[in-house]
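Coordinates from my_file_21.txt are shown below (compact mmCIF, C-alpha atoms).
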```txt
# COMPACT_ATOMS: atom_id res chain seq x y z
CA MET S 1 0.00 0.00 0.00
CA PHE S 2 1.92 3.00 -1.32
CA ARG S 3 0.65 6.38 -0.16
CA SER S 4 1.08 9.09 -2.75
CA GLN S 5 1.20 12.73 -1.70
CA ILE S 6 -2.17 14.45 -1.44
CA LYS S 7 -2.38 16.82 -4.42
CA HIS S 8 -6.14 17.21 -4.79
CA CYS S 9 -9.11 17.49 -2.42
CA ARG S 10 -11.01 14.22 -1.98
CA ALA S 11 -14.25 16.13 -1.52
CA CYS S 12 -14.19 18.49 -4.53
CA GLY S 13 -11.05 17.74 -6.59
CA THR S 14 -9.47 21.19 -6.24
CA ALA S 15 -5.66 21.32 -5.96
CA VAL S 16 -4.77 21.54 -2.24
CA ALA S 17 -2.34 23.85 -0.43
CA HIS S 18 0.07 22.42 2.14
CA ARG S 19 0.00 24.75 5.14
CA LEU S 20 -0.76 25.02 8.87
CA PRO S 21 -4.50 24.90 9.61
CA ASP S 22 -6.13 27.84 11.42
CA ASP S 23 -7.29 25.79 14.43
CA GLY S 24 -4.05 25.73 16.42
CA ASP S 25 -2.77 22.54 14.78
CA THR S 26 1.04 22.64 14.60
CA ARG S 27 1.50 20.32 11.63
CA MET S 28 1.39 21.02 7.92
CA ARG S 29 -1.77 19.57 6.35
CA ALA S 30 -3.18 19.39 2.85
CA ILE S 31 -6.00 21.96 2.87
CA CYS S 32 -8.53 22.65 0.13
CA PRO S 33 -8.63 26.36 -0.80
CA SER S 34 -12.13 25.88 -2.24
CA CYS S 35 -14.16 23.80 0.26
CA HIS S 36 -11.69 24.18 3.20
CA THR S 37 -11.49 20.45 3.94
CA VAL S 38 -8.37 19.57 5.98
CA HIS S 39 -6.86 16.25 4.93
CA TYR S 40 -5.07 14.22 7.60
CA GLU S 41 -2.68 11.33 7.11
CA ASN S 42 -2.04 8.91 9.93
CA PRO S 43 -0.23 5.63 10.63
CA LEU S 44 -1.74 2.35 9.47
CA ASN S 45 -2.20 -0.82 11.48
CA VAL S 46 -0.99 -4.19 10.23
CA VAL S 47 -2.61 -7.10 12.06
CA GLY S 48 -1.69 -10.78 12.02
CA THR S 49 -1.13 -13.95 13.98
CA ILE S 50 1.58 -16.32 15.10
CA PRO S 51 -0.26 -19.63 14.49
CA VAL S 52 1.24 -22.55 16.39
CA TRP S 53 0.85 -26.35 16.25
CA GLY S 54 2.01 -29.37 18.17
CA PRO S 55 2.95 -30.01 21.82
CA GLY S 56 3.45 -26.69 23.57
CA GLY S 57 3.18 -24.84 20.25
CA GLU S 58 6.49 -26.20 18.99
CA GLN S 59 5.79 -25.42 15.33
CA VAL S 60 4.88 -22.07 13.76
CA LEU S 61 3.04 -21.47 10.48
CA LEU S 62 4.82 -19.24 7.97
CA CYS S 63 3.70 -18.14 4.51
CA LYS S 64 5.97 -17.66 1.49
CA ARG S 65 4.92 -14.41 -0.16
CA ASN S 66 3.56 -14.46 -3.70
CA ILE S 67 3.31 -10.66 -3.92
CA GLU S 68 5.54 -7.62 -3.59
CA PRO S 69 7.03 -6.30 -1.44
CA ARG S 70 9.32 -9.13 -0.31
CA TYR S 71 8.18 -11.60 -2.98
CA GLY S 72 9.41 -15.10 -2.09
CA LYS S 73 10.25 -14.22 1.52
CA TRP S 74 8.58 -15.88 4.53
CA THR S 75 6.10 -14.08 6.76
CA LEU S 76 3.56 -14.61 9.48
CA PRO S 77 0.03 -14.14 8.09
CA ALA S 78 -0.74 -10.41 8.41
CA GLY S 79 -2.10 -7.44 6.51
CA PHE S 80 -3.67 -4.00 6.75
CA MET S 81 -6.51 -3.64 9.23
CA GLU S 82 -9.77 -2.64 7.51
CA LEU S 83 -12.63 -0.39 8.56
CA GLY S 84 -15.46 -2.38 10.16
CA GLU S 85 -13.27 -4.87 12.00
CA SER S 86 -11.31 -5.04 15.25
CA THR S 87 -7.58 -5.75 15.46
CA ALA S 88 -8.42 -9.33 16.49
CA GLU S 89 -10.96 -9.79 13.66
CA GLY S 90 -8.45 -8.44 11.15
CA ALA S 91 -5.80 -10.84 12.41
CA VAL S 92 -8.16 -13.80 11.98
CA ARG S 93 -9.24 -12.62 8.51
CA GLU S 94 -5.66 -12.28 7.29
CA THR S 95 -4.82 -15.75 8.61
CA HIS S 96 -7.73 -17.17 6.62
CA GLU S 97 -6.92 -15.18 3.49
CA GLU S 98 -3.17 -15.76 3.38
CA ALA S 99 -2.87 -19.28 4.76
CA GLY S 100 -6.38 -20.77 4.66
CA ALA S 101 -5.69 -21.82 8.22
CA GLN S 102 -8.31 -22.58 10.87
CA ILE S 103 -7.34 -21.05 14.20
CA GLU S 104 -8.47 -20.31 17.71
CA LEU S 105 -7.29 -16.80 18.47
CA GLN S 106 -5.41 -16.24 21.73
CA GLY S 107 -4.03 -13.08 23.30
CA LEU S 108 -2.35 -10.03 21.79
CA PHE S 109 1.36 -10.78 21.75
CA THR S 110 3.37 -7.99 20.06
CA LEU S 111 2.65 -4.35 19.26
CA LEU S 112 5.58 -3.02 17.23
CA ASN S 113 5.90 0.49 15.85
CA VAL S 114 7.60 0.87 12.49
CA VAL S 115 7.76 4.66 12.55
CA ARG S 116 9.84 4.97 9.37
CA VAL S 117 6.95 3.65 7.26
CA GLY S 118 4.10 4.95 9.44
CA GLN S 119 2.85 1.55 10.57
CA VAL S 120 1.97 -0.26 13.79
CA HIS S 121 2.18 -4.06 13.58
CA MET S 122 0.17 -6.18 16.01
CA TYR S 123 0.43 -9.95 16.27
CA TYR S 124 -1.91 -12.24 18.21
CA ARG S 125 -1.00 -15.73 19.30
CA ALA S 126 -3.24 -18.37 17.73
CA ARG S 127 -3.69 -22.12 18.11
CA LEU S 128 -4.01 -24.01 14.83
CA LEU S 129 -7.03 -26.33 14.75
CA SER S 130 -5.65 -28.30 11.79
CA ASP S 131 -2.33 -28.72 9.99
CA ARG S 132 -3.98 -28.54 6.57
CA PHE S 133 -3.73 -25.16 4.88
CA ASP S 134 -5.25 -23.61 1.79
CA PRO S 135 -3.18 -20.55 0.89
CA GLY S 136 -4.73 -17.69 -1.09
CA HIS S 137 -3.26 -15.94 -4.12
CA GLU S 138 -0.92 -13.83 -1.97
CA THR S 139 0.91 -16.94 -0.75
CA GLN S 140 3.08 -19.42 -2.67
CA GLU S 141 3.32 -21.92 0.15
CA ALA S 142 2.20 -22.24 3.78
CA ARG S 143 4.03 -24.66 6.06
CA LEU S 144 5.00 -25.38 9.64
CA PHE S 145 8.49 -24.76 11.01
CA HIS S 146 10.19 -25.97 14.18
CA GLU S 147 12.36 -23.32 15.84
CA SER S 148 15.51 -24.87 14.36
CA GLU S 149 14.04 -24.72 10.85
CA ILE S 150 12.95 -21.04 10.81
CA PRO S 151 14.47 -19.33 7.73
CA TRP S 152 15.80 -16.40 9.77
CA ASP S 153 17.62 -14.84 6.81
CA GLU S 154 14.62 -15.21 4.51
CA LEU S 155 11.96 -13.47 6.63
CA ALA S 156 9.97 -10.72 4.95
CA PHE S 157 9.73 -8.13 7.74
CA ARG S 158 11.59 -7.06 10.88
CA THR S 159 8.39 -7.29 12.93
CA VAL S 160 8.02 -10.94 11.90
CA LYS S 161 11.58 -11.70 13.04
CA GLU S 162 11.04 -9.87 16.33
CA THR S 163 7.71 -11.61 16.98
CA LEU S 164 9.18 -15.05 16.27
CA GLU S 165 12.20 -14.40 18.51
CA LEU S 166 9.94 -13.26 21.36
CA TYR S 167 7.64 -16.23 20.88
CA PHE S 168 10.38 -18.86 21.09
CA ALA S 169 11.97 -17.06 24.06
CA ASP S 170 8.67 -16.88 25.97
CA ARG S 171 7.86 -20.49 25.04
CA ARG S 172 10.72 -21.57 27.31
CA THR S 173 8.91 -20.05 30.29
CA GLY S 174 5.36 -20.72 29.10
CA ILE S 175 4.40 -17.11 29.92
CA PHE S 176 3.43 -14.82 27.06
CA PRO S 177 3.07 -11.19 28.13
CA VAL S 178 2.27 -8.46 25.60
CA HIS S 179 5.44 -6.97 24.14
CA ALA S 180 5.16 -3.33 23.02
CA GLY S 181 8.10 -1.63 21.37
CA ASP S 182 9.65 -0.09 18.29
CA ILE S 183 11.49 -1.38 15.24
CA GLN S 184 14.23 1.04 14.18
CA MET H 185 -11.60 14.17 12.72
CA PHE H 186 -14.51 13.64 10.37
CA ARG H 187 -13.78 11.54 7.34
CA SER H 188 -15.80 12.57 4.32
CA GLN H 189 -16.42 10.10 1.51
CA ILE H 190 -13.73 9.99 -1.17
CA LYS H 191 -15.23 11.64 -4.24
CA HIS H 192 -12.08 12.74 -6.09
CA CYS H 193 -8.62 11.28 -6.69
CA ARG H 194 -5.96 12.75 -4.39
CA ALA H 195 -3.35 12.34 -7.12
CA CYS H 196 -5.10 13.97 -10.09
CA GLY H 197 -8.49 15.31 -8.92
CA THR H 198 -10.63 13.16 -11.25
CA ALA H 199 -13.97 11.93 -9.86
CA VAL H 200 -13.43 8.37 -8.57
CA ALA H 201 -15.51 5.23 -9.13
CA HIS H 202 -16.37 2.98 -6.17
CA ARG H 203 -15.76 -0.61 -7.29
CA LEU H 204 -13.79 -3.79 -6.64
CA PRO H 205 -10.12 -3.47 -7.68
CA ASP H 206 -8.72 -5.88 -10.29
CA ASP H 207 -6.05 -7.36 -7.97
CA GLY H 208 -8.20 -9.89 -6.11
CA ASP H 209 -9.19 -7.44 -3.36
CA THR H 210 -12.69 -8.26 -2.11
CA ARG H 211 -13.63 -4.80 -0.83
CA MET H 212 -15.08 -1.81 -2.64
CA ARG H 213 -12.48 0.94 -3.04
CA ALA H 214 -12.45 4.42 -4.49
CA ILE H 215 -10.54 4.02 -7.77
CA CYS H 216 -9.47 6.75 -10.19
CA PRO H 217 -10.64 6.04 -13.76
CA SER H 218 -7.92 8.37 -15.06
CA CYS H 219 -4.67 7.55 -13.23
CA HIS H 220 -5.89 4.23 -11.73
CA THR H 221 -4.87 5.08 -8.16
CA VAL H 222 -6.69 2.89 -5.60
CA HIS H 223 -7.60 4.83 -2.45
CA TYR H 224 -7.72 2.90 0.82
CA GLU H 225 -9.32 3.96 4.09
CA ASN H 226 -8.27 2.34 7.32
CA PRO H 227 -8.83 2.64 11.07
CA LEU H 228 -7.08 5.41 13.01
CA ASN H 229 -5.15 5.09 16.24
CA VAL H 230 -5.89 7.29 19.24
CA VAL H 231 -3.04 7.31 21.78
CA GLY H 232 -2.98 8.65 25.30
CA THR H 233 -1.98 8.14 28.91
CA ILE H 234 -3.43 7.48 32.33
CA PRO H 235 -1.18 9.85 34.36
CA VAL H 236 -1.12 9.05 38.08
CA TRP H 237 0.10 10.86 41.20
CA GLY H 238 0.49 10.14 44.87
CA PRO H 239 1.16 7.01 46.94
CA GLY H 240 0.54 3.96 44.76
CA GLY H 241 -0.89 6.17 42.02
CA GLU H 242 -4.00 7.00 44.02
CA GLN H 243 -4.90 10.07 41.92
CA VAL H 244 -5.49 10.27 38.16
CA LEU H 245 -5.18 13.32 35.93
CA LEU H 246 -8.25 14.16 33.84
CA CYS H 247 -8.78 17.00 31.35
CA LYS H 248 -12.05 18.88 30.82
CA ARG H 249 -12.50 19.21 27.05
CA ASN H 250 -12.58 22.64 25.51
CA ILE H 251 -13.37 21.31 22.00
CA GLU H 252 -15.98 19.22 20.25
CA PRO H 253 -16.85 16.42 20.35
CA ARG H 254 -17.79 16.06 24.01
CA TYR H 255 -17.16 19.70 24.91
CA GLY H 256 -17.09 20.09 28.71
CA LYS H 257 -16.71 16.35 29.40
CA TRP H 258 -13.70 14.84 31.17
CA THR H 259 -11.11 12.73 29.40
CA LEU H 260 -7.70 11.20 29.78
CA PRO H 261 -5.16 13.07 27.64
CA ALA H 262 -5.25 11.42 24.18
CA GLY H 263 -5.45 12.20 20.51
CA PHE H 264 -4.82 10.92 17.00
CA MET H 265 -1.44 9.29 16.42
CA GLU H 266 0.59 11.18 13.80
CA LEU H 267 3.01 10.03 11.10
CA GLY H 268 6.62 10.16 12.31
CA GLU H 269 5.95 9.05 15.86
CA SER H 270 5.43 5.79 17.76
CA THR H 271 2.34 4.99 19.82
CA ALA H 272 4.35 5.80 22.98
CA GLU H 273 5.70 9.08 21.55
CA GLY H 274 2.20 10.11 20.50
CA ALA H 275 0.86 9.35 23.98
CA VAL H 276 3.54 11.55 25.57
CA ARG H 277 2.94 14.35 23.03
CA GLU H 278 -0.80 14.39 23.68
CA THR H 279 -0.21 14.49 27.43
CA HIS H 280 2.01 17.54 26.98
CA GLU H 281 -0.36 19.25 24.55
CA GLU H 282 -3.62 18.68 26.40
CA ALA H 283 -2.51 18.86 30.03
CA GLY H 284 0.95 20.44 30.01
CA ALA H 285 1.90 17.58 32.30
CA GLN H 286 5.42 16.22 32.83
CA ILE H 287 5.38 12.43 32.90
CA GLU H 288 7.52 9.34 32.96
CA LEU H 289 5.88 6.91 30.55
CA GLN H 290 5.27 3.37 31.79
CA GLY H 291 3.83 0.33 30.03
CA LEU H 292 1.02 -0.03 27.50
CA PHE H 293 -2.15 -0.61 29.51
CA THR H 294 -5.25 -0.79 27.28
CA LEU H 295 -5.80 -1.43 23.57
CA LEU H 296 -9.49 -0.93 22.85
CA ASN H 297 -11.15 -1.27 19.46
CA VAL H 298 -14.00 1.11 18.70
CA VAL H 299 -15.05 -0.58 15.47
CA ARG H 300 -18.16 1.55 14.94
CA VAL H 301 -16.02 4.66 14.36
CA GLY H 302 -12.98 2.91 12.86
CA GLN H 303 -10.60 3.65 15.75
CA VAL H 304 -8.19 1.81 18.01
CA HIS H 305 -7.52 3.54 21.36
CA MET H 306 -4.31 2.80 23.23
CA TYR H 307 -3.52 4.07 26.71
CA TYR H 308 -0.15 3.90 28.46
CA ARG H 309 0.30 4.19 32.20
CA ALA H 310 2.36 7.23 33.18
CA ARG H 311 3.82 8.57 36.42
CA LEU H 312 3.37 12.30 36.91
CA LEU H 313 6.62 14.09 37.82
CA SER H 314 4.76 17.16 39.12
CA ASP H 315 1.22 18.09 40.15
CA ARG H 316 1.42 21.41 38.29
CA PHE H 317 -0.27 21.41 34.88
CA ASP H 318 -0.42 23.84 32.00
CA PRO H 319 -3.37 22.84 29.80
CA GLY H 320 -3.40 23.79 26.11
CA HIS H 321 -6.26 25.33 24.15
CA GLU H 322 -8.07 21.99 23.84
CA THR H 323 -8.51 21.77 27.62
CA GLN H 324 -10.56 23.97 29.99
CA GLU H 325 -9.12 22.49 33.15
CA ALA H 326 -6.70 19.72 34.17
CA ARG H 327 -6.90 18.29 37.67
CA LEU H 328 -6.29 15.21 39.80
CA PHE H 329 -9.07 12.90 40.97
CA HIS H 330 -9.14 10.23 43.66
CA GLU H 331 -11.13 7.13 42.66
CA SER H 332 -14.12 8.31 44.71
CA GLU H 333 -14.13 11.68 42.90
CA ILE H 334 -14.06 10.43 39.28
CA PRO H 335 -16.97 12.03 37.37
CA TRP H 336 -18.13 8.70 35.95
CA ASP H 337 -21.24 10.19 34.31
CA GLU H 338 -19.30 13.08 32.80
CA LEU H 339 -16.56 11.14 31.00
CA ALA H 340 -16.06 11.96 27.32
CA PHE H 341 -15.45 8.50 25.86
CA ARG H 342 -16.22 4.85 26.58
CA THR H 343 -12.56 3.94 26.26
CA VAL H 344 -11.70 6.46 29.00
CA LYS H 345 -14.27 4.90 31.32
CA GLU H 346 -13.04 1.39 30.57
CA THR H 347 -9.39 2.37 31.06
CA LEU H 348 -10.13 4.07 34.40
CA GLU H 349 -12.16 1.09 35.64
CA LEU H 350 -9.38 -1.31 34.70
CA TYR H 351 -6.76 0.92 36.32
CA PHE H 352 -8.50 1.16 39.69
CA ALA H 353 -9.27 -2.58 39.65
CA ASP H 354 -5.65 -3.51 38.88
CA ARG H 355 -4.37 -1.01 41.42
CA ARG H 356 -5.85 -3.22 44.13
CA THR H 357 -3.49 -6.03 43.09
CA GLY H 358 -0.58 -3.83 41.99
CA ILE H 359 -0.32 -5.83 38.74
CA PHE H 360 -1.06 -4.04 35.48
CA PRO H 361 -1.23 -6.42 32.52
CA VAL H 362 -2.10 -5.15 29.03
CA HIS H 363 -5.87 -5.29 28.44
CA ALA H 364 -6.90 -5.77 24.80
CA GLY H 365 -10.56 -5.75 23.86
CA ASP H 366 -13.47 -4.08 22.11
CA ILE H 367 -15.92 -1.32 22.96
CA GLN H 368 -19.36 -2.06 21.49
```
Let me see the file written as structure tokens.
Amino acid sequence: MFRSQIKHCRACGTAVAHRLPDDGDTRMRAICPSCHTVHYENPLNVVGTIPVWGPGGEQVLLCKRNIEPRYGKWTLPAGFMELGESTAEGAVRETHEEAGAQIELQGLFTLLNVVRVGQVHMYYRARLLSDRFDPGHETQEARLFHESEIPWDELAFRTVKETLELYFADRRTGIFPVHAGDIQ
Amino acid sequence: MFRSQIKHCRACGTAVAHRLPDDGDTRMRAICPSCHTVHYENPLNVVGTIPVWGPGGEQVLLCKRNIEPRYGKWTLPAGFMELGESTAEGAVRETHEEAGAQIELQGLFTLLNVVRVGQVHMYYRARLLSDRFDPGHETQEARLFHESEIPWDELAFRTVKETLELYFADRRTGIFPVHAGDIQ
């Protein structure tokens, strides 16, 4: 999802000016000189799951990407949160769409800011109800990995690597607190 | 922050069509018939703090709103997350802007989906470093409340009420896990 600069007003189509609004706002906004609409741009949420299988969740489901960016790299099922759904509902939807996996959703596990690209990534733990998958068109292959098999150098995103590292670390204690932090 | 319907392309100003994209996407999007830009709309994050003062955090800082919506109602300091900041940085910024309060940020405390309005509200716990406040133009008054003084019927938002209830409940145990859930 590439965000182009706002050049025209979404309400009336007039070319916008980039300036400070008159309401005390301290940030430059795209403002319509004709209908006076102020256009805001804000970070996007990416929601997904870490689906696990086997005794004590020893295996994790990863998807090999069939789309850009990071074509051919491995990821946890995740995607942009949509209007009309919660973070948890979005995470379940993406797991269905990308992996065709049946899951029981568990708790929120990571909330990772990726400030550079204006995104917040949230991963929920999930228990797989079956080890049969039916990946959608965005996924070349969906398969289970033991910790020793994780393709650490072939992961698609930093937040996926961080979430997997935290999961396998916490799995040693059996306690899975929420981890909130930033990816540089 | 009212979001008007997308009627014109932000890139070129042409009137958009609302239809399914050609890339397998299953949702209606605003698509430009001229430059083919697909316009997405996604939930927004609201970030804030629950700033506490006194032995064991017995008092909480609330702000009386000087702006719509909910003019004159009491809220925790919070506002829309901006590009270029993390959820934690946004929470600190809003606390400065709305209350002029000096804080030491602590852990993420609540993550509450408000699906009906397309928002995710996140509150961090924060320790006040002073009980002197300097509210900005969005706030009529900023003051501390003991639990028994909280104006429960005069709170601005459901997520504020939920966050305060969870805070005072957890304060009895001294353990503050992250609470993730939905507001209906």
Q: Give the answer as one residue: which of S:Pro135, S:Gly57, S:Pro43, S:Pro21 has the shortest atom-to-atom distance to Phe80 in chain S, using only C-alpha atoms?
A: S:Pro43
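Here CA of Arg127 in chain S is placed at a distance of 16.5 Å from CA of Glu97 in chain S.
Distances here use all atoms listed in the file; by that measure, the residue among S:Ile6, S:Ile67, S:Leu76, S:Val120 closest to Asp207 in chain H is S:Ile67.
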Q: Using all atoms listed in the file, determine which residues lie at most 8 Å from Thr14 in chain S, disregarding the query and same-chain residues fewer than 3 positions distant; provide the list as a ChimeraX atom specification.
A: /S:8-9,32-34 /H:197
Taking only residues of chain H that have an atom at most 6 Å from an atom of chain S, what is each one's shortest atom pair and its distance in Å to one decimal, using all atoms listed in the file, in chain and number order, as a Markdown table?
```
| residue | atom | partner | partner_atom | distance |
| --- | --- | --- | --- | --- |
| H:Ile190 | CA | S:Arg10 | CA | 5.1 |
| H:Lys191 | CA | S:Ala11 | CA | 5.3 |
| H:His192 | CA | S:Arg10 | CA | 4.5 |
| H:Arg194 | CA | S:His8 | CA | 4.5 |
| H:Ala195 | CA | S:Lys7 | CA | 5.3 |
| H:Gly197 | CA | S:Gly13 | CA | 4.2 |
| H:Asn226 | CA | S:Glu82 | CA | 5.2 |
| H:Pro227 | CA | S:Leu83 | CA | 5.5 |
| H:Glu266 | CA | S:Asn42 | CA | 5.2 |
| H:Leu267 | CA | S:Asn42 | CA | 5.3 |
| H:Gly268 | CA | S:Val115 | CA | 5.6 |
| H:Glu269 | CA | S:Val115 | CA | 5.8 |
| H:Ser270 | CA | S:Asn113 | CA | 5.7 |
| H:Asn297 | CA | S:Ser86 | CA | 5.7 |
| H:Val299 | CA | S:Gly84 | CA | 5.6 |
| H:Gly302 | CA | S:Leu83 | CA | 5.4 |
```
Just the selected residues (C-alpha atoms), exported as a compact mmCIF listing (two decimals), keeping the file's coordinate frame, please.
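Result file follows (again29.txt):
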```
# COMPACT_ATOMS: atom_id res chain seq x y z
CA ILE H 190 -13.73 9.99 -1.17
CA LYS H 191 -15.23 11.64 -4.24
CA HIS H 192 -12.08 12.74 -6.09
CA ARG H 194 -5.96 12.75 -4.39
CA ALA H 195 -3.35 12.34 -7.12
CA GLY H 197 -8.49 15.31 -8.92
CA ASN H 226 -8.27 2.34 7.32
CA PRO H 227 -8.83 2.64 11.07
CA GLU H 266 0.59 11.18 13.80
CA LEU H 267 3.01 10.03 11.10
CA GLY H 268 6.62 10.16 12.31
CA GLU H 269 5.95 9.05 15.86
CA SER H 270 5.43 5.79 17.76
CA ASN H 297 -11.15 -1.27 19.46
CA VAL H 299 -15.05 -0.58 15.47
CA GLY H 302 -12.98 2.91 12.86
```
Q: Record the distance separating CA of Leu312 in chain H and CA of Asp354 in chain H, expressed in Å with one decimal.
A: 18.3 Å
Q.
When you look at range 58-65 of chain S with a cut-off of 7 Å (counting all atoms listed in the file), what residues show up, excluding the ones that are within fewer than 5 positions of it in the same chain? I need them as a PyMOL selection string.
A. chain S and resi 50-53+70-77+99+138-147
Q.
One number please: CA of His121 in chain S to CA of Ala78 in chain S, in Å, one decimal.
A. 8.7 Å
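You can rank S:Glu162, S:Arg19, S:Arg29, S:Arg93 by their closest distance to Thr110 in chain S using all atoms listed in the file, and at the top of that list sits S:Glu162.
Residue nearest Met122 in chain S within the list S:Leu166, S:Ala91, S:Leu20, S:Ala156: S:Ala91 [criterion: smallest interatomic distance, all atoms listed in the file].
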